[in-house]
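Undergrad: Submitted below is the structure of interest, expressed as C-alpha cells.
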Amino acid sequence: MYQNLLRILAMLLVMHATACEQVDQQESRLDTGSTQAVSASAPGGQGFVDNRQCLDCHQAEASSWGGSQHDLAMTVASMDTVLGDFNDSKFTHQGITSRFYKKDGRFMVYTEAGDGQLQDFEIKYTFGVYPLQQYLVEFPDGRLQALTIAWDSRTAAEGGQRWFHLLPDEVTPPGDPLHWTGRMHTWNVRCAECHSTNLQKNYDAVTDTYKTRWSEINVSCQSCHGPGAAHVEWAESGQGAEPAGNKGLIVDYNTGVAQDLVETCARCHSRRHRVSPDDAHGRAFLDDFEPATLQAGLYYPDGQILEEVYVYGSFLQSKMYNRGVACNDCHDVHSTRLQQTGNGLCLQCHSSTPPARFPTLKAAEYATTAHHFHSPDSAGAQCINCHMAAQTYMVVDPRRDHSFRIPRPDLSVKLGVPNACNQCHTEKSPEWAAEKTAQWYGTAIRESPHYGETIAAAREGDVAAYEPLLALASDASQPAIIRSSALELLAQYGPTESSAGALREAAQDGDPLVRTVATSTLGQMPTVADLETLLQQLNDPVRAVRVEAARILAPIPRENLDMQQRQLLDTALQEYRDTQLALEDTPEALLNLGVLESALGNGAAAEGYYEKAIKMAPEFVPARVNLANLYNLTGRNRMAEQQFRAAIGYEPGAGELYYSLGLLLVEEQRLKEAAGVLKTAVDLLPQRARVQYNYALLLQKLERHDEAQAVLESAYQLNPRDRDIVYALVVFYSQDGNWQDALRYARELETLEPDNPATEQWIERLERRVNPSSEAPRT
C-alpha cells in the first residue's frame with residue numbers, strides 16, 4: 001500500500017517546490033473600512049474590555065506604559081500625536097515633490113497617487129513614534145496605506161527632524177507593489193495585528209474590501225495579558241478567590257517559566273507565518289505561528305541578523321535563552337525601556353557575584369580593560385557594542401542582534417559575514433581584527449568548528465558539507481533553531497538512509513520547531529518509513545506540526561488509510577485550510593489554497609486560486625509558475641509557456657524560471673530554442689548540478705559532443721553522489737568508445753548502488769573492453 005502512496009507523494013513534490021510559504025511577517029491583511037472599536041460584547045470582542053478599566057486599577061503600570069512605544073504604536077492623527085512637519089513642508093524623491101500641510105484641522109499630504117497623478121490625501125493615523133513616525137491614509141475600500149515618506153523623529157543633532165524616504169534607492173512607480181499605494185504597504189496586511197489590540201480583519205473576498213475593527217488602537221494591556229473581562233469580574237466580585245488562569249487572566253506570567261513570557265513577546269517580535277486563523281492568548285507559540293529558520297536572505301550563515309527578523313530568531317540562538325533568561329530580565333515590560341542603562345544592565349548577571357537564579361553562570365569580572373581591552377569611557381567598553389552588533393533598518397532604525405555572540409572576525413575572513421570589531425573600526429580589515437582578537441583571547445575559539453561554516457557550505461550546495469550538516473542536525477547541544485536550519489538544508493542533498501534516519505529521529509524531538517521542520521523536510525524526500533512517520537505527525541500536540549504533515553499528505557487517497565488516519569488527516573487539513581482562508585486577501589494564501597486543491601485532485605479549483613492570486617498581484621511569480629505547471633499537466637503547453645515568459649519578465653534573474661521553460665521547450669521538441677534557455681539557466685544557477693545534467697543531455701541530443709562532455713563533467717564535480725549524472729557519464733563514454741573513462745565512472749556508480757547486478761555486469765563488459773585478454777570473471 002505504502003509504495004503506491006509514495007508515488008502519489010512524489011508527483012506532488014515538483015508542485016510543492018514552487019509553492020512559497022505564507023508571508024513571514026504579518027501576512028494577514030487587516031482592514032479599516034470605517035474603523036472603530038470592538039466592544040467586549042460585540043462579535044469578535046471575545047471578552048476584551050475598555051483599556052481604561054485596566055489603567056484605573058493598575059495605576060503604577062499605567063504610568064509606566066503611558067507614552068511608551070506600545071502606547072504610541074498607532075494613534076489617531078492629531079496635534080498631540082503627529083510629530084512631522086506639516087507646515088507646508090516639501091520633500092522631493094525621484095522627481096516627485098510631495099507637500100505636507102494642514103487644512104481645517106486635518107493633516108494632509110499632496111503626493112503621487114496609484115494612478116500616477118498628484119492628489120491630496122488626509123492623514124488618518126500615525127504609526128510608531130521613534131526613531132521614525134509613519135503616516136496612514138485611508139481608502140474607500142477599507143485599506144490603510146502607509147506612506148513611504150516618513151518623519152525622522154530623532155533630534156536634529158542626531159540627523160533627525162526631517163522627511164525621508166524608506167526606500168531611497170528603489171524605483172517604485174505606481175502599480176509597483178512597493179509603491180506606497182501597493183500591497184506591500186497595506187497596513188491591513190503587513191503591520192496591523194501587532195500595532196493594535198484584538199484586531200478583527202473582516203475582509204470580504206467577494207468585494208475585496210475591509211471593515212477592520214479593534215478593541216484598542218494601540219498595543220494595550222490585553223495585547224499581552226489577554227482578554228480582561230473575567231479578570232474585571234474577579235476584581236469586582238470582592239471575594240478574593242483566584243479562578244484558574246491567574247485571577248481571571250488567560251496568560252499567567254507568574255509560572256516561573258521564562259519561555260512563557262518570551263513566546264508572548266515572540267507573537268509580534270519574530271519573523272514568522274501563521275498556522276492558525278487567529279492568534280489566541282494562552283496557546284503555545286507554534287500553535288499559532290511558525291518562526292523562520294536561519295534562511296539565506298534573512299540571516300547570515302553564522303546566524304547573525306541580515307534582514308529584519310524582529311529579535312526572536314536571534315534570541316533563540318543565545319545561551320541566555322537556553323539558560324532561562326527572558327525579555328523582562330532586560331526590558332521593563334510596561335515602559336518597554338531597558339531595566340538599566342549602560343553596562344549596568346549586563347552586570348546584573350555577568351559579575352563576580354551572579355544571581356542565585358542562574359547557578360551555572362560563570363563568575364567573572366567583565367567590566368575591566370583586561371576583558372574588553374578598550375578605554376573604560378569608550379564605545380568599545382560597552383558590552384552591547386561587542387556582543388549585540390546592530391543592523392539598521394528603515395534607514396534610521398538600528399536593531400541589536402539578540403544572539404549575544406562573541407565577536408568572530410575570523411569568520412568574517414572565511415565567510416564574509418560581518419563582525420562587531422569592524423563595525424567600529426571601519427578603516428581596518430577583518431584580517432586585522434582577527435589578529436587583534438587572537439592576541440587578546442588566544443586562538444582556541446577559532447580552532448573549534450562553528451556551525452556557520454557548515455551552513456555556509458550547505459547553502460552553496462557543497463557536497464562535502466553533507467556529513468557535517470547531518471551531524472549538526474543531530475547535535476542535541478545546539479539550539480533548536482540551528483538544528484532546524486540544518487534539517488531544512490538536508491533536503492537539497494536528496495534522500496539517503498542516514499538523512500532519513502536523522503529526520504525520523506528529529507520528527508520525535510522534544511522541541512516543536514525541530515519536529516515541524518523535520519516533518520516538512522521528510523515530505524520533500526519520502527520513503528516508506530518516512531510516510532509512516534508523517535502519518536504519526538498528524539497526532540502531534542502542536543498545530544504547526546500537524547498542519548505541515550497534513551499539507552504533505554493531502555494527495556493520499558483516503559481509501560488507503562484506516563479510519564483513525566483519515567479522521568486525523570481530514571481534521572489537520574481543515575486546520576490548514578481555515579488558516580489559508582483567513583489570509584485569502586494575500587496572493588501567498590491563494591497560492592497555498594491552489595496547491596492544496598491540486599493535491600486533492602481538484603484541478604479546476606486550483607487553477608481558479610492561481611488565477612485569483614495573479615489578478616491580485618501580477619508580479620507574484622510563484623502563482624504563475626504553479627499555473628504554468630498545471631497547464632503543462634493538462635496538455636496546455638502554449639499557455640504554460642506564456643506564464644513562464646511572463647514570470648521571467650518580472651524576475652529576469654531567476655534561473656529556476658529559465659530551467660522550467662527550457663524543460664517545457666524540450667518537451668515541445670523545440671530543441672535549439674531550449675538549448676539557449678537552458679544555457680541561461682546554467683549561467684544563473686552555476687551550483688545546480690541537475691540543471692547542468694539536463695543541459696548536457698540536450699547538448700548530446702543536438703550532437704554538440706564536446707560541449708556536452710564538458711557540462712556533464714562539471715555537473716559531476718558539483719555532485720559526484722548523483723547516480724543519474726554518474727550513469728550518464730558511463731553511457732556517454734561508452735557511446736564514445738572511451739572504455740577507460742566509462743569503466744572509471746561505472747566503478748563510481750557501483751559505490752553508489754553496490755547491490756545492483758546490472759552495474760556489476762556492465763563493469764564486467766567494460767573491463768573486457770579495456771583488457772580484451774582478460775576473460776576471468778570478477779569475484
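Numbering starts fresh at 1 for the residues of each chain in the C-alpha cells, the chains themselves are lettered A, B, ... in the order given, and ligands are numbered from 1 as they appear.
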Please report, as number ranges by chain, each residue of range 232-320 of chain A to which DSSP assigns alpha helix (DSSP H) when run on this structure's backbone.

TA: A: 232-237, 258-266, 312-315, 319-320

Undergrad: Write out as a PyMOL selection string the residues lying within 12 Å of Thr155 in chain A, counting only C-alpha atoms and excluding same-chain residues fewer than 5 positions away.

TA: chain A and resi 83+130-132+160-162+396

Undergrad: Between range 694-758 of chain A and range 461-479 of chain A, at 9 Å or less, what are the per-residue closest atom pairs and their distances in Å? Count only C-alpha atoms, order by chain and rising residue number, and return it as JSON lines.

TA:
```
{"residue": "A:Leu718", "atom": "CA", "partner": "A:Val463", "partner_atom": "CA", "distance": 7.3}
{"residue": "A:Asn719", "atom": "CA", "partner": "A:Val463", "partner_atom": "CA", "distance": 6.2}
{"residue": "A:Pro720", "atom": "CA", "partner": "A:Val463", "partner_atom": "CA", "distance": 8.0}
{"residue": "A:Arg721", "atom": "CA", "partner": "A:Val463", "partner_atom": "CA", "distance": 8.1}
```

Undergrad: Residues near range 629-637 of chain A, anyone? I mean within 8 Å using only C-alpha atoms, not counting same-chain ones fewer than 2 positions away, as a ChimeraX atom specification.

TA: /A:15,603,607,625-627,639-641,664,668

Undergrad: Atoms to include: all heavy atoms. Write the selected residues as an mmCIF file, in the first residue's frame.

TA:
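Saved file selection39.cif follows:
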```
data_model
loop_
_atom_site.group_PDB
_atom_site.id
_atom_site.type_symbol
_atom_site.label_atom_id
_atom_site.label_comp_id
_atom_site.auth_asym_id
_atom_site.auth_seq_id
_atom_site.Cartn_x
_atom_site.Cartn_y
_atom_site.Cartn_z
ATOM 1 N N MET A 15 5.419 20.289 -7.689
ATOM 2 C CA MET A 15 4.472 21.384 -7.488
ATOM 3 C C MET A 15 4.709 22.050 -6.141
ATOM 4 O O MET A 15 4.702 23.270 -6.023
ATOM 5 C CB MET A 15 3.042 20.851 -7.577
ATOM 6 C CG MET A 15 1.992 21.939 -7.420
ATOM 7 S SD MET A 15 0.371 21.379 -7.914
ATOM 8 C CE MET A 15 0.593 21.267 -9.676
ATOM 9 N N GLY A 603 -8.321 20.102 -9.912
ATOM 10 C CA GLY A 603 -7.544 20.950 -10.804
ATOM 11 C C GLY A 603 -8.213 22.268 -11.130
ATOM 12 O O GLY A 603 -7.551 23.304 -11.177
ATOM 13 N N GLU A 607 -6.700 25.936 -10.342
ATOM 14 C CA GLU A 607 -6.494 26.927 -11.398
ATOM 15 C C GLU A 607 -7.143 28.252 -11.027
ATOM 16 O O GLU A 607 -6.570 29.327 -11.243
ATOM 17 C CB GLU A 607 -7.073 26.394 -12.707
ATOM 18 C CG GLU A 607 -6.757 27.236 -13.912
ATOM 19 C CD GLU A 607 -7.194 26.556 -15.203
ATOM 20 O OE1 GLU A 607 -7.219 25.298 -15.253
ATOM 21 O OE2 GLU A 607 -7.495 27.279 -16.177
ATOM 22 N N VAL A 625 4.147 30.298 -11.840
ATOM 23 C CA VAL A 625 4.857 29.029 -12.035
ATOM 24 C C VAL A 625 3.931 27.853 -11.803
ATOM 25 O O VAL A 625 3.902 26.894 -12.594
ATOM 26 C CB VAL A 625 6.078 28.955 -11.099
ATOM 27 C CG1 VAL A 625 6.694 27.568 -11.126
ATOM 28 C CG2 VAL A 625 7.107 30.003 -11.496
ATOM 29 N N ASN A 626 3.154 27.897 -10.735
ATOM 30 C CA ASN A 626 2.246 26.789 -10.459
ATOM 31 C C ASN A 626 1.144 26.681 -11.504
ATOM 32 O O ASN A 626 0.726 25.579 -11.875
ATOM 33 C CB ASN A 626 1.647 26.940 -9.066
ATOM 34 C CG ASN A 626 2.556 26.381 -7.993
ATOM 35 O OD1 ASN A 626 3.771 26.394 -8.143
ATOM 36 N ND2 ASN A 626 1.987 25.882 -6.915
ATOM 37 N N LEU A 627 0.668 27.817 -11.984
ATOM 38 C CA LEU A 627 -0.339 27.783 -13.038
ATOM 39 C C LEU A 627 0.265 27.201 -14.311
ATOM 40 O O LEU A 627 -0.384 26.398 -15.005
ATOM 41 C CB LEU A 627 -0.883 29.194 -13.291
ATOM 42 C CG LEU A 627 -2.005 29.304 -14.321
ATOM 43 C CD1 LEU A 627 -3.207 28.444 -13.921
ATOM 44 C CD2 LEU A 627 -2.432 30.761 -14.503
ATOM 45 N N MET A 639 -0.052 27.789 -23.198
ATOM 46 C CA MET A 639 -0.443 28.659 -22.089
ATOM 47 C C MET A 639 0.589 28.592 -20.969
ATOM 48 O O MET A 639 0.882 29.591 -20.297
ATOM 49 C CB MET A 639 -1.824 28.263 -21.586
ATOM 50 C CG MET A 639 -2.929 28.451 -22.621
ATOM 51 S SD MET A 639 -4.535 27.814 -22.076
ATOM 52 C CE MET A 639 -4.963 29.013 -20.812
ATOM 53 N N ALA A 640 1.175 27.412 -20.770
ATOM 54 C CA ALA A 640 2.239 27.272 -19.772
ATOM 55 C C ALA A 640 3.430 28.139 -20.149
ATOM 56 O O ALA A 640 4.017 28.830 -19.306
ATOM 57 C CB ALA A 640 2.648 25.809 -19.649
ATOM 58 N N GLU A 641 3.788 28.110 -21.428
ATOM 59 C CA GLU A 641 4.915 28.914 -21.891
ATOM 60 C C GLU A 641 4.663 30.399 -21.656
ATOM 61 O O GLU A 641 5.562 31.140 -21.234
ATOM 62 C CB GLU A 641 5.172 28.658 -23.376
ATOM 63 C CG GLU A 641 6.339 29.449 -23.939
ATOM 64 C CD GLU A 641 6.530 29.230 -25.431
ATOM 65 O OE1 GLU A 641 5.933 28.275 -25.989
ATOM 66 O OE2 GLU A 641 7.272 30.021 -26.050
ATOM 67 N N LEU A 664 10.254 22.681 -20.635
ATOM 68 C CA LEU A 664 8.993 22.702 -21.379
ATOM 69 C C LEU A 664 9.268 22.727 -22.883
ATOM 70 O O LEU A 664 8.610 22.014 -23.662
ATOM 71 C CB LEU A 664 8.168 23.917 -20.964
ATOM 72 C CG LEU A 664 6.811 24.077 -21.661
ATOM 73 C CD1 LEU A 664 5.826 23.038 -21.145
ATOM 74 C CD2 LEU A 664 6.255 25.478 -21.450
ATOM 75 N N GLU A 668 8.357 20.115 -25.974
ATOM 76 C CA GLU A 668 7.724 20.539 -27.218
ATOM 77 C C GLU A 668 8.596 20.254 -28.445
ATOM 78 O O GLU A 668 8.223 20.612 -29.554
ATOM 79 C CB GLU A 668 7.415 22.037 -27.154
ATOM 80 C CG GLU A 668 6.288 22.411 -26.204
ATOM 81 C CD GLU A 668 4.942 22.114 -26.803
ATOM 82 O OE1 GLU A 668 4.484 22.848 -27.701
ATOM 83 O OE2 GLU A 668 4.330 21.100 -26.375
#
```

Undergrad: Could you pull the residues within 7 Å of Val137 in chain A, counting only C-alpha atoms, minus those fewer than 2 positions along the same chain, as a PyMOL selection string?

TA: chain A and resi 121-124+135+139+144-146

Undergrad: Using C-alpha atoms, can you export the residues from the last selection as a PDB file, in the first residue's frame?

TA:
```
ATOM      1  CA  PHE A 121      -4.760  62.738   0.881  1.00  0.00           C
ATOM      2  CA  GLU A 122      -5.755  63.070   4.514  1.00  0.00           C
ATOM      3  CA  ILE A 123      -3.508  61.504   7.153  1.00  0.00           C
ATOM      4  CA  LYS A 124      -5.830  59.499   9.414  1.00  0.00           C
ATOM      5  CA  TYR A 135       1.537  58.016   8.426  1.00  0.00           C
ATOM      6  CA  PHE A 139      -9.033  54.462   1.171  1.00  0.00           C
ATOM      7  CA  LEU A 144      -4.976  51.828   5.089  1.00  0.00           C
ATOM      8  CA  GLN A 145      -1.829  52.565   3.110  1.00  0.00           C
ATOM      9  CA  ALA A 146       1.429  53.585   4.776  1.00  0.00           C
TER      10      ALA A 146
END
```

Undergrad: Please provide the set of residues having any atom within 12 Å of His374 in chain A, restricted to only C-alpha atoms, with same-chain residues fewer than 5 positions apart removed, written as a PyMOL selection string.

TA: chain A and resi 366-369+379-383+385-386+421+440

Undergrad: Residues as selected, C-alpha atoms, written as an mmCIF file, in the first residue's frame, can you do that?

TA:
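Resulting contents of selection_34.cif:
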```
data_model
loop_
_atom_site.group_PDB
_atom_site.id
_atom_site.type_symbol
_atom_site.label_atom_id
_atom_site.label_comp_id
_atom_site.auth_asym_id
_atom_site.auth_seq_id
_atom_site.Cartn_x
_atom_site.Cartn_y
_atom_site.Cartn_z
ATOM 1 C CA TYR A 366 33.783 41.710 32.680
ATOM 2 C CA ALA A 367 33.746 45.494 33.100
ATOM 3 C CA THR A 368 37.539 45.713 33.030
ATOM 4 C CA THR A 369 40.136 46.562 30.425
ATOM 5 C CA ALA A 379 32.286 52.815 22.902
ATOM 6 C CA GLY A 380 34.445 49.691 22.786
ATOM 7 C CA ALA A 381 33.987 49.206 26.526
ATOM 8 C CA GLN A 382 30.192 48.904 26.174
ATOM 9 C CA CYS A 383 29.058 45.282 26.262
ATOM 10 C CA ASN A 385 28.811 47.110 21.003
ATOM 11 C CA CYS A 386 30.810 43.885 21.014
ATOM 12 C CA CYS A 421 35.050 44.881 15.610
ATOM 13 C CA TRP A 440 43.921 39.226 23.303
#
```

Undergrad: Write down as a list in words the residues of range 171-260 of chain A whose backbone DSSP state falls under strand (DSSP E).

TA: Tyr203, Asp204, Thr209, Tyr210, Arg213 and Trp214 of chain A

Undergrad: Of the candidates A:Gly303, A:Pro652, A:Pro430, A:Gly67, which shows the shortest atom-to-atom distance to Thr336 in chain A, using only C-alpha atoms?

TA: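 Smallest separation from Thr336 in chain A among the options: A:Gly67.
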
Undergrad: Hey, what's within 7 Å of Ile552 in chain A if we count only C-alpha atoms and toss same-chain stuff fewer than 3 positions away? As a list of chain:residue names, please?

TA: A:Gly523, A:Glu548, A:Ala549

Undergrad: In Å, rounded to a single decimal, give me how far CA of Cys194 in chain A is from CA of Pro168 in chain A.

TA: 25.5 Å

Undergrad: So that I can check the surroundings of Leu591 in chain A, please list as a PyMOL selection string every protein, DNA and RNA residue that reaches within 12 Å of it, counting only C-alpha atoms and ignoring chain neighbours fewer than 2 positions away.

TA: chain A and resi 15-16+18-23+577+580-581+583-589+593-598+605-617+620-627

Undergrad: Hey, which of A:Trp65, A:Tyr253, A:Tyr576, A:Phe732 ends up closest to Cys221 in chain A? Count only C-alpha atoms.

TA: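 Looking at the shortest contact to Cys221 in chain A, the residue is A:Trp65.
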